[in-house]
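input07.txt (compact mmCIF, C-alpha atoms) appears below.
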```txt
# COMPACT_ATOMS: atom_id res chain seq x y z
CA PHE Z 1 85.04 26.27 91.31
CA THR Z 2 83.75 22.87 90.21
CA LYS Z 3 86.06 20.26 91.68
CA ALA Z 4 89.45 21.79 90.86
CA GLU Z 5 88.47 23.78 87.74
CA LYS Z 6 87.48 27.44 87.78
CA VAL Z 7 84.03 28.37 86.49
CA ARG Z 8 84.44 31.29 84.09
CA THR Z 9 80.82 32.42 83.74
CA PHE Z 10 80.54 36.18 84.20
CA VAL Z 11 77.97 37.17 86.82
CA ASN Z 12 76.93 40.80 86.75
CA TYR Z 13 76.50 41.96 90.35
CA PRO Z 14 75.01 45.24 91.57
CA ASP Z 15 76.83 47.85 93.63
CA ALA Z 16 73.69 48.25 95.76
CA LEU Z 17 71.12 45.72 96.96
CA ASP Z 18 67.64 46.41 98.28
CA LEU Z 19 66.48 43.26 100.04
CA SER Z 20 63.22 44.70 101.42
CA GLU Z 21 61.05 42.82 98.91
CA ARG Z 22 62.68 39.50 99.84
CA LEU Z 23 61.80 39.63 103.53
CA VAL Z 24 58.93 37.87 105.25
CA GLY Z 25 57.27 40.15 107.75
CA PRO Z 26 57.84 43.85 108.41
CA PRO Z 27 61.16 45.33 107.31
CA PRO Z 28 63.61 46.34 110.04
CA THR Z 29 63.54 50.00 111.03
CA GLU Z 30 67.15 50.38 109.84
CA GLY Z 31 66.15 49.45 106.29
CA CYS Z 32 67.37 46.70 103.96
CA LEU Z 33 69.79 48.55 101.71
CA TYR Z 34 73.28 47.14 101.24
CA GLN Z 35 76.25 48.78 99.49
CA LEU Z 36 79.02 46.79 97.81
CA CYS Z 37 82.18 47.56 99.77
CA ALA Z 38 84.73 44.96 98.63
CA VAL Z 39 85.36 42.40 95.91
CA VAL Z 40 87.96 39.65 96.17
CA CYS Z 41 89.19 38.40 92.78
CA HIS Z 42 90.90 35.12 91.99
CA HIS Z 43 93.40 35.20 89.12
CA GLY Z 44 94.23 31.72 87.91
CA SER Z 45 92.56 28.64 86.46
CA THR Z 46 92.36 26.14 89.32
CA SER Z 47 91.50 26.07 93.01
CA ARG Z 48 95.04 24.95 93.76
CA SER Z 49 96.85 27.83 92.13
CA GLY Z 50 96.39 31.49 91.42
CA HIS Z 51 96.62 34.91 92.98
CA TYR Z 52 94.08 36.94 94.94
CA THR Z 53 93.53 40.68 94.76
CA THR Z 54 90.81 42.90 96.17
CA GLU Z 55 89.06 46.11 95.34
CA THR Z 56 87.73 47.93 98.38
CA LEU Z 57 85.59 51.02 98.89
CA ILE Z 58 87.14 53.32 101.51
CA ASP Z 59 85.55 56.67 102.34
CA GLY Z 60 83.84 56.85 98.93
CA THR Z 61 86.90 55.90 96.86
CA TRP Z 62 87.63 52.47 95.38
CA PHE Z 63 91.15 51.09 95.83
CA SER Z 64 92.85 48.10 94.23
CA PHE Z 65 95.00 45.98 96.58
CA ASP Z 66 97.56 43.64 95.00
CA ASP Z 67 100.05 42.47 97.61
CA PRO Z 68 101.93 45.62 98.74
CA LYS Z 69 100.64 47.70 95.80
CA VAL Z 70 97.61 49.91 96.58
CA THR Z 71 96.14 51.96 93.74
CA PRO Z 72 93.14 54.34 93.82
CA LEU Z 73 90.62 53.61 91.06
CA VAL Z 74 88.90 56.28 88.97
CA THR Z 75 85.84 54.06 88.54
CA PHE Z 76 84.74 50.65 89.73
CA LYS Z 77 83.59 48.03 87.20
CA PRO Z 78 82.29 44.50 87.91
CA LYS Z 79 85.03 41.92 87.43
CA ALA Z 80 84.72 38.58 85.64
CA ASP Z 81 87.14 37.03 88.13
CA ALA Z 82 85.19 38.13 91.23
CA TYR Z 83 85.29 35.40 93.86
CA LEU Z 84 83.80 36.98 96.99
CA LEU Z 85 81.50 39.99 97.31
CA PHE Z 86 81.11 41.95 100.53
CA TYR Z 87 78.10 44.19 101.11
CA GLN Z 88 77.62 46.52 104.06
CA ARG Z 89 74.21 47.42 105.40
CA GLN Z 90 73.28 51.06 104.99
CA HIS Z 91 71.40 52.30 108.05
CA VAL Z 92 68.46 54.22 106.68
CA THR Z 93 65.59 55.03 109.00
CA THR Z 94 62.21 54.26 107.42
```

When written as structure tokens, how does the structure in this file appear?
Amino acid sequence: FTKAEKVRTFVNYPDALDLSERLVGPPPTEGCLYQLCAVVCHHGSTSRSGHYTTETLIDGTWFSFDDPKVTPLVTFKPKADAYLLFYQRQHVTT
């Protein structure tokens, strides 16, 4: 948001991040791989109004959460209205 208005620029975000090349010093032994595990979306045009939903990865399946309605998704696609991204570190021994 800028002031009260929603920024509508689409940002393409990856479902996996490898941050090993962005570290200073030796990488941790657990690795630096992160998997997208949840996306919070804001539906609306201002910071003072709208509706929030989320898509969450649970045991390898993506689900859409919209108030009490939970729906499994066949595929996950990046959303233009993504507001928050959550990544979980994947413990890979190097």

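Shortest separation to Z:Asp59 among Z:Cys37, Z:Val24, Z:Val11, Z:Leu85 occurs at residue Z:Cys37, atoms counted being only C-alpha atoms.
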
- Take the point (98.9, 37.0, 95.0) as written in the file and pick out every residue within 12 Å of it, counting only C-alpha atoms; give the list as a ChimeraX atom specification. /Z:40-44,49-54,65-69

Dump of C-alpha atoms for the selected residues, as a compact mmCIF listing (two decimals), keeping the file's coordinate frame:
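The resulting file, result_31.txt, is shown below:
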```txt
# COMPACT_ATOMS: atom_id res chain seq x y z
CA VAL Z 40 87.96 39.65 96.17
CA CYS Z 41 89.19 38.40 92.78
CA HIS Z 42 90.90 35.12 91.99
CA HIS Z 43 93.40 35.20 89.12
CA GLY Z 44 94.23 31.72 87.91
CA SER Z 49 96.85 27.83 92.13
CA GLY Z 50 96.39 31.49 91.42
CA HIS Z 51 96.62 34.91 92.98
CA TYR Z 52 94.08 36.94 94.94
CA THR Z 53 93.53 40.68 94.76
CA THR Z 54 90.81 42.90 96.17
CA PHE Z 65 95.00 45.98 96.58
CA ASP Z 66 97.56 43.64 95.00
CA ASP Z 67 100.05 42.47 97.61
CA PRO Z 68 101.93 45.62 98.74
CA LYS Z 69 100.64 47.70 95.80
```

- Task: Find the residues near Z:Glu5: any atom within 12 Å, counting all atoms listed in the file, skip ones fewer than 3 places away on the same chain, and give them as an MDAnalysis selection string.
- Result: chainID Z and resid 1:2 8 44:50

Padding 6 Å on every side, please: axis-aligned box over the listed atoms of stretch 40-44 of chain Z, centre and edge lengths to one decimal in Å, as JSON.
```
{"center_x": 91.1, "center_y": 35.7, "center_z": 92.0, "size_x": 18.3, "size_y": 19.9, "size_z": 20.3}
```

- Query: Need the neighbours of (83.4, 33.5, 88.2): which residues are at most 8 Å away, counting all atoms listed in the file, as a list in words?
  - Reply: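 Looking at atoms near the point gives Lys6, Val7, Arg8, Thr9, Phe10, Val11, Ala80, Asp81, Ala82 and Tyr83 of chain Z.
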
Write the residues you've just listed into a file as a CSV table (one decimal), keeping the file's coordinate frame, and include C-alpha atoms for each of them.
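Saved result, part_12.csv, follows:
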```
chain,number,residue,atom,x,y,z
Z,6,LYS,CA,87.5,27.4,87.8
Z,7,VAL,CA,84.0,28.4,86.5
Z,8,ARG,CA,84.4,31.3,84.1
Z,9,THR,CA,80.8,32.4,83.7
Z,10,PHE,CA,80.5,36.2,84.2
Z,11,VAL,CA,78.0,37.2,86.8
Z,80,ALA,CA,84.7,38.6,85.6
Z,81,ASP,CA,87.1,37.0,88.1
Z,82,ALA,CA,85.2,38.1,91.2
Z,83,TYR,CA,85.3,35.4,93.9
```
